[in-house]
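Undergrad: One structure follows; several queries about it will come next.
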Amino acid sequence: MSFTIAIDGPAGAGKSTVARLAAKKLQFIYVDTGAMYRAIALGLLCTNTDIEDRSALTDALNQMEVSIRYVDGAQHVYLNGEDVSGQIRTEQVSDMTSRSSAKPEVREKLTSLQRNLAASEDVLMDGRDIGTMILPDANLKIFLTASVDTRARRRFLELTEKGESCSLEEIASDIAERDYRDEHREIAPLCQAKDAILLDSSDMTIEEVVERILTLARERM
C-alpha cells in the first residue's frame with residue numbers, strides 16, 4: 001500500500017523546493033507536476049499553438065509526450081524524448097503554464113500519469129490541485145503559501161542571482177495576477193482542501209518548512 005503526500009499552494013510558495021527535499025529525506029518519489037505542466041506549456045509555445053482553439057490545442061497535445069526520469073537521483077523532465085528541464089523556468093513559460101493548465105484537455109493529458117504513479121509508489125506530489133483533484137485520498141495534504149511580497153522577493157533574488165534583469169514590482173504584479181487567475185479558473189481552481197494543513201512560509205526558512213512536513217508525515221505513517 002503506497003503512502004501519498006499532496007502539497008498544494010500558489011506560485012512562488014516554494015512547493016517544489018521543499019517537496020524535493022522532503023521526498024529525499026523520506027525516500028519517496030518526488031513528482032513535480034508543475035514541471036510537467038511547464039513542459040506542455042513549452043511545447044505549446046514552440047508550436048505557436050492558439051490554446052483558445054480547442055481543435056488546435058488537441059492536435060498539439062496529441063503530438064506531445066511528457067515523462068519524468070531520474071538521473072543520478074535528480075529529476076529530469078522530457079518532452080518528446082528531449083530533456084527540457086533547463087528550458088521550462090522562464091517567465092514566458094510560467095505565464096503560458098498558468099493559462100494552459102486551466103484547459104481540460106491539458107489536465108486530462110497529465111492526470112492519468114500522475115495518478116498511476118501514486119497508485120504504485122510512495123510519492124510526494126506538489127501542484128495546484130493535488131489534494132483537491134488529483135489525489136483526493138492522499139494520506140497527508142498540505143497547503144503551502146506565503147505573502148505576495150515574500151514570494152516576489154524570493155523570485156527577484158532568484159532571477160538576479162542568475163544575472164537576469166527584472167523588476168520587483170512587476171514580479172509582484174505578475175504573481176498577484178497569476179494567483180487571481182489560478183483561484184478563479186473554471187477547471188480545478190487553486191484552493192485549500194478541507195482536510196489540508198495550512199503552512200504559511202512567509203517567516204519560515206526552507207529547512208523549517210521541510211522539518212514541519214517530515215514531522216507531519218511521520219505522524220501519519
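By order of appearance in the C-alpha cells: chains A, B, ..., then residues from 1 within every chain, and ligands from 1 in the order shown.
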Name all residues at most 9 Å from region 210-213 of chain A (count only C-alpha atoms; drop same-chain ones fewer than 5 positions away) and give them as a compact mmCIF listing (two decimals) with N, CA, C and O atoms, in the first residue's frame.
TA:
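What follows is the written file result.txt:
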# COMPACT_ATOMS: atom_id res chain seq x y z
N VAL A 18 10.77 22.58 -1.29
CA VAL A 18 10.57 21.82 -0.05
C VAL A 18 10.08 20.40 -0.35
O VAL A 18 10.44 19.46 0.37
N ALA A 19 9.29 20.23 -1.39
CA ALA A 19 8.80 18.90 -1.74
C ALA A 19 9.96 17.99 -2.14
O ALA A 19 10.02 16.82 -1.75
N LEU A 21 13.13 18.24 -1.26
CA LEU A 21 13.95 17.94 -0.08
C LEU A 21 13.26 16.95 0.85
O LEU A 21 13.90 16.01 1.36
N ALA A 22 11.96 17.16 1.07
CA ALA A 22 11.22 16.26 1.96
C ALA A 22 11.14 14.86 1.38
O ALA A 22 11.29 13.87 2.10
N ILE A 142 -1.08 19.15 2.40
CA ILE A 142 -0.54 20.40 2.92
C ILE A 142 -0.81 21.51 1.91
O ILE A 142 -0.64 21.32 0.70
N LEU A 199 0.24 25.77 5.83
CA LEU A 199 1.59 26.15 6.22
C LEU A 199 1.93 27.46 5.53
O LEU A 199 2.05 27.51 4.31
N THR A 205 12.15 29.44 7.28
CA THR A 205 13.21 29.04 6.36
C THR A 205 12.78 27.77 5.64
O THR A 205 11.85 27.08 6.05
N ARG A 218 5.54 11.68 9.33
CA ARG A 218 5.88 10.58 10.23
C ARG A 218 4.76 10.31 11.24
O ARG A 218 4.59 9.16 11.68
Undergrad: Name the residues of region 57-137 of chain A that fall into alpha helix (DSSP H) according to DSSP on the backbone, using the chain letters and numbers of this document, as a PDB file with all heavy atoms, in the first residue's frame.
TA:
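Written output follows (out-v6.pdb):
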ATOM      1  N   LEU A  57      -5.486  22.923 -30.079  1.00  0.00           N
ATOM      2  CA  LEU A  57      -4.893  22.510 -28.808  1.00  0.00           C
ATOM      3  C   LEU A  57      -4.840  20.986 -28.715  1.00  0.00           C
ATOM      4  O   LEU A  57      -3.812  20.411 -28.336  1.00  0.00           O
ATOM      5  CB  LEU A  57      -5.694  23.087 -27.636  1.00  0.00           C
ATOM      6  CG  LEU A  57      -5.240  22.700 -26.228  1.00  0.00           C
ATOM      7  CD1 LEU A  57      -3.802  23.134 -25.989  1.00  0.00           C
ATOM      8  CD2 LEU A  57      -6.163  23.322 -25.179  1.00  0.00           C
ATOM      9  N   THR A  58      -5.933  20.338 -29.066  1.00  0.00           N
ATOM     10  CA  THR A  58      -5.978  18.873 -29.022  1.00  0.00           C
ATOM     11  C   THR A  58      -4.950  18.266 -29.967  1.00  0.00           C
ATOM     12  O   THR A  58      -4.246  17.314 -29.616  1.00  0.00           O
ATOM     13  CB  THR A  58      -7.390  18.371 -29.392  1.00  0.00           C
ATOM     14  OG1 THR A  58      -8.330  18.861 -28.435  1.00  0.00           O
ATOM     15  CG2 THR A  58      -7.432  16.856 -29.398  1.00  0.00           C
ATOM     16  N   ASP A  59      -4.855  18.835 -31.172  1.00  0.00           N
ATOM     17  CA  ASP A  59      -3.885  18.331 -32.149  1.00  0.00           C
ATOM     18  C   ASP A  59      -2.459  18.460 -31.616  1.00  0.00           C
ATOM     19  O   ASP A  59      -1.634  17.547 -31.748  1.00  0.00           O
ATOM     20  CB  ASP A  59      -4.006  19.088 -33.474  1.00  0.00           C
ATOM     21  CG  ASP A  59      -5.274  18.725 -34.236  1.00  0.00           C
ATOM     22  OD1 ASP A  59      -5.879  17.679 -33.913  1.00  0.00           O
ATOM     23  OD2 ASP A  59      -5.658  19.488 -35.144  1.00  0.00           O
ATOM     24  N   ALA A  60      -2.161  19.608 -30.991  1.00  0.00           N
ATOM     25  CA  ALA A  60      -0.820  19.838 -30.465  1.00  0.00           C
ATOM     26  C   ALA A  60      -0.513  18.871 -29.324  1.00  0.00           C
ATOM     27  O   ALA A  60       0.586  18.299 -29.247  1.00  0.00           O
ATOM     28  CB  ALA A  60      -0.686  21.283 -29.986  1.00  0.00           C
ATOM     29  N   LEU A  61      -1.489  18.669 -28.438  1.00  0.00           N
ATOM     30  CA  LEU A  61      -1.288  17.770 -27.302  1.00  0.00           C
ATOM     31  C   LEU A  61      -1.073  16.326 -27.750  1.00  0.00           C
ATOM     32  O   LEU A  61      -0.310  15.579 -27.128  1.00  0.00           O
ATOM     33  CB  LEU A  61      -2.483  17.852 -26.345  1.00  0.00           C
ATOM     34  CG  LEU A  61      -2.637  19.167 -25.581  1.00  0.00           C
ATOM     35  CD1 LEU A  61      -3.961  19.184 -24.819  1.00  0.00           C
ATOM     36  CD2 LEU A  61      -1.475  19.369 -24.611  1.00  0.00           C
ATOM     37  N   ASN A  62      -1.754  15.953 -28.822  1.00  0.00           N
ATOM     38  CA  ASN A  62      -1.605  14.588 -29.347  1.00  0.00           C
ATOM     39  C   ASN A  62      -0.191  14.319 -29.854  1.00  0.00           C
ATOM     40  O   ASN A  62       0.216  13.159 -29.992  1.00  0.00           O
ATOM     41  CB  ASN A  62      -2.615  14.329 -30.466  1.00  0.00           C
ATOM     42  CG  ASN A  62      -4.030  14.152 -29.943  1.00  0.00           C
ATOM     43  OD1 ASN A  62      -4.231  13.810 -28.780  1.00  0.00           O
ATOM     44  ND2 ASN A  62      -5.016  14.376 -30.801  1.00  0.00           N
ATOM     45  N   GLU A  91       9.908  33.149 -17.419  1.00  0.00           N
ATOM     46  CA  GLU A  91       8.654  33.830 -17.118  1.00  0.00           C
ATOM     47  C   GLU A  91       7.622  33.594 -18.213  1.00  0.00           C
ATOM     48  O   GLU A  91       6.418  33.503 -17.945  1.00  0.00           O
ATOM     49  CB  GLU A  91       8.906  35.337 -16.943  1.00  0.00           C
ATOM     50  CG  GLU A  91       9.626  35.703 -15.662  1.00  0.00           C
ATOM     51  CD  GLU A  91       8.843  35.274 -14.428  1.00  0.00           C
ATOM     52  OE1 GLU A  91       7.700  35.715 -14.239  1.00  0.00           O
ATOM     53  OE2 GLU A  91       9.386  34.457 -13.645  1.00  0.00           O
ATOM     54  N   GLN A  92       8.085  33.491 -19.465  1.00  0.00           N
ATOM     55  CA  GLN A  92       7.167  33.236 -20.580  1.00  0.00           C
ATOM     56  C   GLN A  92       6.492  31.881 -20.424  1.00  0.00           C
ATOM     57  O   GLN A  92       5.280  31.737 -20.619  1.00  0.00           O
ATOM     58  CB  GLN A  92       7.922  33.300 -21.906  1.00  0.00           C
ATOM     59  CG  GLN A  92       7.012  33.178 -23.131  1.00  0.00           C
ATOM     60  CD  GLN A  92       7.777  33.213 -24.435  1.00  0.00           C
ATOM     61  OE1 GLN A  92       8.977  32.913 -24.475  1.00  0.00           O
ATOM     62  NE2 GLN A  92       7.103  33.566 -25.523  1.00  0.00           N
ATOM     63  N   VAL A  93       7.277  30.875 -20.038  1.00  0.00           N
ATOM     64  CA  VAL A  93       6.713  29.548 -19.819  1.00  0.00           C
ATOM     65  C   VAL A  93       5.785  29.557 -18.605  1.00  0.00           C
ATOM     66  O   VAL A  93       4.720  28.932 -18.615  1.00  0.00           O
ATOM     67  CB  VAL A  93       7.826  28.493 -19.645  1.00  0.00           C
ATOM     68  CG1 VAL A  93       7.248  27.166 -19.177  1.00  0.00           C
ATOM     69  CG2 VAL A  93       8.580  28.293 -20.952  1.00  0.00           C
ATOM     70  N   SER A  94       6.165  30.307 -17.566  1.00  0.00           N
ATOM     71  CA  SER A  94       5.323  30.401 -16.368  1.00  0.00           C
ATOM     72  C   SER A  94       3.947  30.960 -16.715  1.00  0.00           C
ATOM     73  O   SER A  94       2.915  30.456 -16.255  1.00  0.00           O
ATOM     74  CB  SER A  94       5.986  31.299 -15.312  1.00  0.00           C
ATOM     75  OG  SER A  94       7.159  30.705 -14.813  1.00  0.00           O
ATOM     76  N   ASP A  95       3.928  32.001 -17.539  1.00  0.00           N
ATOM     77  CA  ASP A  95       2.660  32.618 -17.916  1.00  0.00           C
ATOM     78  C   ASP A  95       1.810  31.657 -18.746  1.00  0.00           C
ATOM     79  O   ASP A  95       0.609  31.510 -18.508  1.00  0.00           O
ATOM     80  CB  ASP A  95       2.914  33.903 -18.701  1.00  0.00           C
ATOM     81  CG  ASP A  95       1.627  34.610 -19.083  1.00  0.00           C
ATOM     82  OD1 ASP A  95       0.933  35.104 -18.176  1.00  0.00           O
ATOM     83  OD2 ASP A  95       1.298  34.649 -20.284  1.00  0.00           O
ATOM     84  N   MET A  96       2.424  30.986 -19.701  1.00  0.00           N
ATOM     85  CA  MET A  96       1.684  30.035 -20.529  1.00  0.00           C
ATOM     86  C   MET A  96       1.191  28.858 -19.684  1.00  0.00           C
ATOM     87  O   MET A  96       0.085  28.343 -19.898  1.00  0.00           O
ATOM     88  CB  MET A  96       2.552  29.545 -21.682  1.00  0.00           C
ATOM     89  CG  MET A  96       1.917  28.424 -22.510  1.00  0.00           C
ATOM     90  SD  MET A  96       0.299  28.869 -23.228  1.00  0.00           S
ATOM     91  CE  MET A  96       0.839  29.686 -24.737  1.00  0.00           C
ATOM     92  N   THR A  97       1.986  28.448 -18.703  1.00  0.00           N
ATOM     93  CA  THR A  97       1.577  27.348 -17.831  1.00  0.00           C
ATOM     94  C   THR A  97       0.305  27.690 -17.082  1.00  0.00           C
ATOM     95  O   THR A  97      -0.626  26.879 -16.983  1.00  0.00           O
ATOM     96  CB  THR A  97       2.690  27.017 -16.818  1.00  0.00           C
ATOM     97  OG1 THR A  97       3.885  26.668 -17.524  1.00  0.00           O
ATOM     98  CG2 THR A  97       2.278  25.853 -15.922  1.00  0.00           C
ATOM     99  N   SER A  98       0.245  28.902 -16.531  1.00  0.00           N
ATOM    100  CA  SER A  98      -0.933  29.330 -15.786  1.00  0.00           C
ATOM    101  C   SER A  98      -2.170  29.333 -16.670  1.00  0.00           C
ATOM    102  O   SER A  98      -3.255  28.934 -16.244  1.00  0.00           O
ATOM    103  CB  SER A  98      -0.698  30.716 -15.186  1.00  0.00           C
ATOM    104  OG  SER A  98      -1.812  31.138 -14.431  1.00  0.00           O
ATOM    105  N   ARG A  99      -2.013  29.761 -17.927  1.00  0.00           N
ATOM    106  CA  ARG A  99      -3.164  29.843 -18.838  1.00  0.00           C
ATOM    107  C   ARG A  99      -3.541  28.474 -19.402  1.00  0.00           C
ATOM    108  O   ARG A  99      -4.719  28.112 -19.445  1.00  0.00           O
ATOM    109  CB  ARG A  99      -2.859  30.826 -19.974  1.00  0.00           C
ATOM    110  CG  ARG A  99      -2.741  32.272 -19.494  1.00  0.00           C
ATOM    111  CD  ARG A  99      -2.651  33.268 -20.630  1.00  0.00           C
ATOM    112  NE  ARG A  99      -1.392  33.172 -21.357  1.00  0.00           N
ATOM    113  CZ  ARG A  99      -1.283  32.845 -22.627  1.00  0.00           C
ATOM    114  NH1 ARG A  99      -2.357  32.541 -23.335  1.00  0.00           N
ATOM    115  NH2 ARG A  99      -0.100  32.792 -23.216  1.00  0.00           N
ATOM    116  N   SER A 100      -2.551  27.702 -19.797  1.00  0.00           N
ATOM    117  CA  SER A 100      -2.853  26.421 -20.452  1.00  0.00           C
ATOM    118  C   SER A 100      -3.293  25.346 -19.462  1.00  0.00           C
ATOM    119  O   SER A 100      -4.083  24.465 -19.816  1.00  0.00           O
ATOM    120  CB  SER A 100      -1.637  25.927 -21.238  1.00  0.00           C
ATOM    121  OG  SER A 100      -0.532  25.687 -20.390  1.00  0.00           O
ATOM    122  N   PRO A 104      -9.133  21.900 -19.913  1.00  0.00           N
ATOM    123  CA  PRO A 104      -9.407  20.497 -19.566  1.00  0.00           C
ATOM    124  C   PRO A 104      -8.600  19.513 -20.394  1.00  0.00           C
ATOM    125  O   PRO A 104      -8.223  18.442 -19.901  1.00  0.00           O
ATOM    126  CB  PRO A 104     -10.911  20.355 -19.820  1.00  0.00           C
ATOM    127  CG  PRO A 104     -11.305  21.513 -20.674  1.00  0.00           C
ATOM    128  CD  PRO A 104     -10.367  22.620 -20.325  1.00  0.00           C
ATOM    129  N   GLU A 105      -8.319  19.853 -21.638  1.00  0.00           N
ATOM    130  CA  GLU A 105      -7.558  18.937 -22.494  1.00  0.00           C
ATOM    131  C   GLU A 105      -6.147  18.714 -21.936  1.00  0.00           C
ATOM    132  O   GLU A 105      -5.612  17.604 -21.998  1.00  0.00           O
ATOM    133  CB  GLU A 105      -7.467  19.503 -23.923  1.00  0.00           C
ATOM    134  CG  GLU A 105      -8.783  19.583 -24.660  1.00  0.00           C
ATOM    135  CD  GLU A 105      -9.559  20.873 -24.374  1.00  0.00           C
ATOM    136  OE1 GLU A 105      -9.118  21.667 -23.513  1.00  0.00           O
ATOM    137  OE2 GLU A 105     -10.602  21.072 -25.022  1.00  0.00           O
ATOM    138  N   VAL A 106      -5.560  19.782 -21.413  1.00  0.00           N
ATOM    139  CA  VAL A 106      -4.211  19.689 -20.850  1.00  0.00           C
ATOM    140  C   VAL A 106      -4.233  18.869 -19.566  1.00  0.00           C
ATOM    141  O   VAL A 106      -3.383  18.007 -19.336  1.00  0.00           O
ATOM    142  CB  VAL A 106      -3.627  21.094 -20.589  1.00  0.00           C
ATOM    143  CG1 VAL A 106      -2.281  20.999 -19.872  1.00  0.00           C
ATOM    144  CG2 VAL A 106      -3.464  21.855 -21.904  1.00  0.00           C
ATOM    145  N   ARG A 107      -5.228  19.128 -18.732  1.00  0.00           N
ATOM    146  CA  ARG A 107      -5.314  18.439 -17.446  1.00  0.00           C
ATOM    147  C   ARG A 107      -5.544  16.934 -17.649  1.00  0.00           C
ATOM    148  O   ARG A 107      -4.959  16.112 -16.956  1.00  0.00           O
ATOM    149  CB  ARG A 107      -6.427  19.044 -16.601  1.00  0.00           C
ATOM    150  CG  ARG A 107      -6.292  20.567 -16.418  1.00  0.00           C
ATOM    151  CD  ARG A 107      -7.105  21.079 -15.276  1.00  0.00           C
ATOM    152  NE  ARG A 107      -6.520  20.648 -14.008  1.00  0.00           N
ATOM    153  CZ  ARG A 107      -5.466  21.229 -13.451  1.00  0.00           C
ATOM    154  NH1 ARG A 107      -4.880  22.254 -14.038  1.00  0.00           N
ATOM    155  NH2 ARG A 107      -4.993  20.780 -12.305  1.00  0.00           N
ATOM    156  N   GLU A 108      -6.398  16.594 -18.589  1.00  0.00           N
ATOM    157  CA  GLU A 108      -6.662  15.178 -18.864  1.00  0.00           C
ATOM    158  C   GLU A 108      -5.408  14.470 -19.357  1.00  0.00           C
ATOM    159  O   GLU A 108      -5.185  13.291 -19.061  1.00  0.00           O
ATOM    160  CB  GLU A 108      -7.778  15.056 -19.906  1.00  0.00           C
ATOM    161  CG  GLU A 108      -9.149  15.473 -19.378  1.00  0.00           C
ATOM    162  CD  GLU A 108     -10.182  15.623 -20.479  1.00  0.00           C
ATOM    163  OE1 GLU A 108      -9.871  15.202 -21.626  1.00  0.00           O
ATOM    164  OE2 GLU A 108     -11.266  16.154 -20.214  1.00  0.00           O
ATOM    165  N   LYS A 109      -4.598  15.192 -20.083  1.00  0.00           N
ATOM    166  CA  LYS A 109      -3.364  14.625 -20.638  1.00  0.00           C
ATOM    167  C   LYS A 109      -2.448  14.113 -19.529  1.00  0.00           C
ATOM    168  O   LYS A 109      -1.820  13.061 -19.660  1.00  0.00           O
ATOM    169  CB  LYS A 109      -2.649  15.700 -21.466  1.00  0.00           C
ATOM    170  CG  LYS A 109      -1.304  15.311 -22.031  1.00  0.00           C
ATOM    171  CD  LYS A 109      -1.448  14.577 -23.328  1.00  0.00           C
ATOM    172  CE  LYS A 109      -0.097  14.272 -23.954  1.00  0.00           C
ATOM    173  NZ  LYS A 109      -0.219  13.512 -25.208  1.00  0.00           N
ATOM    174  N   LEU A 110      -2.379  14.854 -18.418  1.00  0.00           N
ATOM    175  CA  LEU A 110      -1.406  14.547 -17.379  1.00  0.00           C
ATOM    176  C   LEU A 110      -1.971  13.844 -16.146  1.00  0.00           C
ATOM    177  O   LEU A 110      -1.230  13.188 -15.412  1.00  0.00           O
ATOM    178  CB  LEU A 110      -0.707  15.837 -16.944  1.00  0.00           C
ATOM    179  CG  LEU A 110       0.158  16.511 -18.018  1.00  0.00           C
ATOM    180  CD1 LEU A 110       0.716  17.830 -17.511  1.00  0.00           C
ATOM    181  CD2 LEU A 110       1.291  15.598 -18.445  1.00  0.00           C
ATOM    182  N   THR A 111      -3.269  13.977 -15.904  1.00  0.00           N
ATOM    183  CA  THR A 111      -3.853  13.427 -14.680  1.00  0.00           C
ATOM    184  C   THR A 111      -3.659  11.921 -14.552  1.00  0.00           C
ATOM    185  O   THR A 111      -3.299  11.407 -13.483  1.00  0.00           O
ATOM    186  CB  THR A 111      -5.355  13.763 -14.602  1.00  0.00           C
ATOM    187  OG1 THR A 111      -5.501  15.180 -14.474  1.00  0.00           O
ATOM    188  CG2 THR A 111      -5.995  13.104 -13.385  1.00  0.00           C
ATOM    189  N   SER A 112      -3.886  11.179 -15.628  1.00  0.00           N
ATOM    190  CA  SER A 112      -3.786   9.723 -15.545  1.00  0.00           C
ATOM    191  C   SER A 112      -2.372   9.280 -15.202  1.00  0.00           C
ATOM    192  O   SER A 112      -2.171   8.362 -14.393  1.00  0.00           O
ATOM    193  CB  SER A 112      -4.242   9.079 -16.857  1.00  0.00           C
ATOM    194  OG  SER A 112      -3.447   9.511 -17.937  1.00  0.00           O
ATOM    195  N   LEU A 113      -1.377   9.927 -15.778  1.00  0.00           N
ATOM    196  CA  LEU A 113       0.017   9.587 -15.483  1.00  0.00           C
ATOM    197  C   LEU A 113       0.324   9.827 -14.012  1.00  0.00           C
ATOM    198  O   LEU A 113       0.947   8.993 -13.335  1.00  0.00           O
ATOM    199  CB  LEU A 113       0.959  10.416 -16.360  1.00  0.00           C
ATOM    200  CG  LEU A 113       2.452  10.306 -16.028  1.00  0.00           C
ATOM    201  CD1 LEU A 113       2.933   8.875 -16.175  1.00  0.00           C
ATOM    202  CD2 LEU A 113       3.265  11.247 -16.900  1.00  0.00           C
ATOM    203  N   GLN A 114      -0.138  10.950 -13.488  1.00  0.00           N
ATOM    204  CA  GLN A 114       0.130  11.297 -12.090  1.00  0.00           C
ATOM    205  C   GLN A 114      -0.543  10.316 -11.134  1.00  0.00           C
ATOM    206  O   GLN A 114       0.062   9.880 -10.142  1.00  0.00           O
ATOM    207  CB  GLN A 114      -0.340  12.727 -11.830  1.00  0.00           C
ATOM    208  CG  GLN A 114       0.477  13.764 -12.593  1.00  0.00           C
ATOM    209  CD  GLN A 114      -0.233  15.099 -12.733  1.00  0.00           C
ATOM    210  OE1 GLN A 114      -1.344  15.286 -12.245  1.00  0.00           O
ATOM    211  NE2 GLN A 114       0.412  16.031 -13.410  1.00  0.00           N
ATOM    212  N   ARG A 115      -1.763   9.945 -11.429  1.00  0.00           N
ATOM    213  CA  ARG A 115      -2.482   9.001 -10.561  1.00  0.00           C
ATOM    214  C   ARG A 115      -1.859   7.610 -10.609  1.00  0.00           C
ATOM    215  O   ARG A 115      -1.793   6.913  -9.589  1.00  0.00           O
ATOM    216  CB  ARG A 115      -3.955   8.948 -10.961  1.00  0.00           C
ATOM    217  CG  ARG A 115      -4.738  10.177 -10.527  1.00  0.00           C
ATOM    218  CD  ARG A 115      -6.177  10.106 -10.972  1.00  0.00           C
ATOM    219  NE  ARG A 115      -6.944  11.235 -10.441  1.00  0.00           N
ATOM    220  CZ  ARG A 115      -8.138  11.596 -10.887  1.00  0.00           C
ATOM    221  NH1 ARG A 115      -8.707  10.908 -11.868  1.00  0.00           N
ATOM    222  NH2 ARG A 115      -8.771  12.630 -10.355  1.00  0.00           N
ATOM    223  N   ASN A 116      -1.416   7.195 -11.763  1.00  0.00           N
ATOM    224  CA  ASN A 116      -0.795   5.882 -11.894  1.00  0.00           C
ATOM    225  C   ASN A 116       0.487   5.798 -11.072  1.00  0.00           C
ATOM    226  O   ASN A 116       0.771   4.775 -10.444  1.00  0.00           O
ATOM    227  CB  ASN A 116      -0.497   5.573 -13.360  1.00  0.00           C
ATOM    228  CG  ASN A 116      -1.751   5.259 -14.154  1.00  0.00           C
ATOM    229  OD1 ASN A 116      -2.778   4.897 -13.585  1.00  0.00           O
ATOM    230  ND2 ASN A 116      -1.681   5.412 -15.460  1.00  0.00           N
ATOM    231  N   LEU A 117       1.252   6.868 -11.059  1.00  0.00           N
ATOM    232  CA  LEU A 117       2.469   6.903 -10.254  1.00  0.00           C
ATOM    233  C   LEU A 117       2.142   6.744  -8.773  1.00  0.00           C
ATOM    234  O   LEU A 117       2.781   5.980  -8.055  1.00  0.00           O
ATOM    235  CB  LEU A 117       3.212   8.229 -10.475  1.00  0.00           C
ATOM    236  CG  LEU A 117       4.100   8.353 -11.708  1.00  0.00           C
ATOM    237  CD1 LEU A 117       4.554   9.792 -11.881  1.00  0.00           C
ATOM    238  CD2 LEU A 117       5.308   7.443 -11.584  1.00  0.00           C
ATOM    239  N   ALA A 118       1.122   7.468  -8.319  1.00  0.00           N
ATOM    240  CA  ALA A 118       0.757   7.453  -6.900  1.00  0.00           C
ATOM    241  C   ALA A 118       0.158   6.126  -6.462  1.00  0.00           C
ATOM    242  O   ALA A 118       0.224   5.776  -5.282  1.00  0.00           O
ATOM    243  CB  ALA A 118      -0.225   8.588  -6.611  1.00  0.00           C
ATOM    244  N   ALA A 119      -0.410   5.388  -7.386  1.00  0.00           N
ATOM    245  CA  ALA A 119      -1.048   4.114  -7.035  1.00  0.00           C
ATOM    246  C   ALA A 119      -0.031   3.025  -6.742  1.00  0.00           C
ATOM    247  O   ALA A 119      -0.323   2.075  -6.005  1.00  0.00           O
ATOM    248  CB  ALA A 119      -1.971   3.676  -8.172  1.00  0.00           C
ATOM    249  N   SER A 120       1.169   3.154  -7.277  1.00  0.00           N
ATOM    250  CA  SER A 120       2.142   2.072  -7.157  1.00  0.00           C
ATOM    251  C   SER A 120       3.380   2.412  -6.340  1.00  0.00           C
ATOM    252  O   SER A 120       4.158   1.527  -5.996  1.00  0.00           O
ATOM    253  CB  SER A 120       2.590   1.635  -8.558  1.00  0.00           C
ATOM    254  OG  SER A 120       3.147   2.734  -9.267  1.00  0.00           O
TER     255      SER A 120
END
Undergrad: Compile the contact shell of region 181-198 of chain A as a list in words: residues with an atom at most 6 Å away, counting only C-alpha atoms, same-chain residues fewer than 6 positions apart removed.
TA: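 In the requested form, the answer reads Ala102, Arg128, Thr132, Lys141, Ile142 and Phe143 of chain A.
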Undergrad: Kindly export the residues of the current selection with N, CA, C and O atoms, as a short mmCIF file (atom, residue, chain, number, x, y, z; two decimals), in the first residue's frame.
TA:
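Writing done, so here's again_20.cif:
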data_model
loop_
_atom_site.label_atom_id
_atom_site.label_comp_id
_atom_site.auth_asym_id
_atom_site.auth_seq_id
_atom_site.Cartn_x
_atom_site.Cartn_y
_atom_site.Cartn_z
N ALA A 102 -5.33 25.54 -17.19
CA ALA A 102 -6.76 25.65 -16.92
C ALA A 102 -7.60 24.93 -17.98
O ALA A 102 -8.81 24.75 -17.80
N ARG A 128 -1.13 22.55 -7.91
CA ARG A 128 -2.19 23.49 -7.56
C ARG A 128 -3.45 22.78 -7.04
O ARG A 128 -4.22 23.34 -6.29
N THR A 132 -7.03 18.32 -3.92
CA THR A 132 -8.46 18.51 -4.22
C THR A 132 -8.93 17.68 -5.40
O THR A 132 -10.08 17.22 -5.41
N LYS A 141 -2.19 15.98 3.35
CA LYS A 141 -2.36 17.11 2.44
C LYS A 141 -1.86 18.38 3.13
O LYS A 141 -2.21 18.64 4.29
N ILE A 142 -1.08 19.15 2.40
CA ILE A 142 -0.54 20.40 2.92
C ILE A 142 -0.81 21.51 1.91
O ILE A 142 -0.64 21.32 0.70
N PHE A 143 -1.25 22.66 2.43
CA PHE A 143 -1.41 23.84 1.58
C PHE A 143 -0.33 24.82 1.99
O PHE A 143 -0.38 25.42 3.06
#
Undergrad: Could you check how far CA of Ala172 (chain A) sits from CA of Ala152 (chain A), in Å to one decimal?
TA: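 So the two atoms, CA of Ala172 (chain A) and CA of Ala152 (chain A), lie 4.9 Å apart.
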Undergrad: Counting only C-alpha atoms, give me one row per residue of region 99-128 of chain A with an atom at most 10 Å from an atom of region 8-12 of chain A, showing the shortest contact pair and its distance in Å to one decimal, sorted by chain then residue number, as a Markdown table.
TA:
| residue | atom | partner | partner_atom | distance |
| --- | --- | --- | --- | --- |
| A:Met125 | CA | A:Asp8 | CA | 8.5 |
| A:Asp126 | CA | A:Asp8 | CA | 5.6 |
| A:Gly127 | CA | A:Asp8 | CA | 5.0 |
| A:Arg128 | CA | A:Asp8 | CA | 4.9 |
Undergrad: Using only C-alpha atoms, which residue out of A:Val77, A:Met133, A:Ile29, A:Leu168 lies closest to Leu42 (chain A)?
TA: A:Val77
Undergrad: Show which residues sit within 10 Å of Ala39 (chain A), as a PyMOL selection string. Count only C-alpha atoms, and ignore same-chain residues fewer than 4 positions away.
TA: chain A and resi 33-35+43-45+64-67+77-80+83-85+87-89+93+97
Undergrad: Find the distance between CA of Tyr30 (chain A) and CA of Arg220 (chain A) and write it in Å to one decimal.
TA: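 Result for CA of Tyr30 (chain A) versus CA of Arg220 (chain A): 18.1 Å, one decimal.
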Undergrad: Any chance you could list, as a list in words, the residues in region 74-134 of chain A that come up strand (DSSP E) when DSSP is run on the backbone?
TA: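 Answer for region 74-134 of chain A restricted to strand (DSSP E) is Ala74, Gln75, His76, Val77, Tyr78, Leu79, Glu82, Asp83, Val123, Leu124, Met125, Asp126 and Gly127 of chain A.
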Undergrad: For the atom pair CA of Ala41 (chain A) and CA of Ser101 (chain A), what is the interatomic distance in Å to one decimal place?
TA: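 So the two atoms, CA of Ala41 (chain A) and CA of Ser101 (chain A), lie 8.1 Å apart.
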Undergrad: Go through A:Lys162, A:Arg178, A:Arg151, A:Arg69 and flag the residue nearest Ser202 (chain A), using only C-alpha atoms for the distances.
TA: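 Using only C-alpha atoms, the shortest distance to Ser202 (chain A) belongs to A:Arg151.
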Undergrad: Which neighbours of Ile130 (chain A) fall inside 8 Å, counting only C-alpha atoms, when residues of the same chain fewer than 6 positions from it are skipped, and could you give them as a list in words?
TA: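 So, after excluding close chain neighbours, the residues are Ala6, Ile7, Asp8 and Pro136 of chain A.
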Undergrad: Would you write out those residues with C-alpha atoms, as a JSON list (two decimals), in the first residue's frame?
TA:
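Final output, saved to part.json:
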[["chain", "number", "residue", "atom", "x", "y", "z"],
["A", 6, "ALA", "CA", -0.02, 16.18, -1.60],
["A", 7, "ILE", "CA", 1.39, 19.71, -1.38],
["A", 8, "ASP", "CA", -0.62, 22.49, -2.98],
["A", 136, "PRO", "CA", -8.22, 13.44, -3.08]]
Undergrad: Could you check the closest approach to Ala146 (chain A) for each of A:Cys166, A:Ala13, A:Ile175, A:Leu216 and tell me which residue wins, using only C-alpha atoms?
TA: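 The closest residue to Ala146 (chain A) is A:Ala13.
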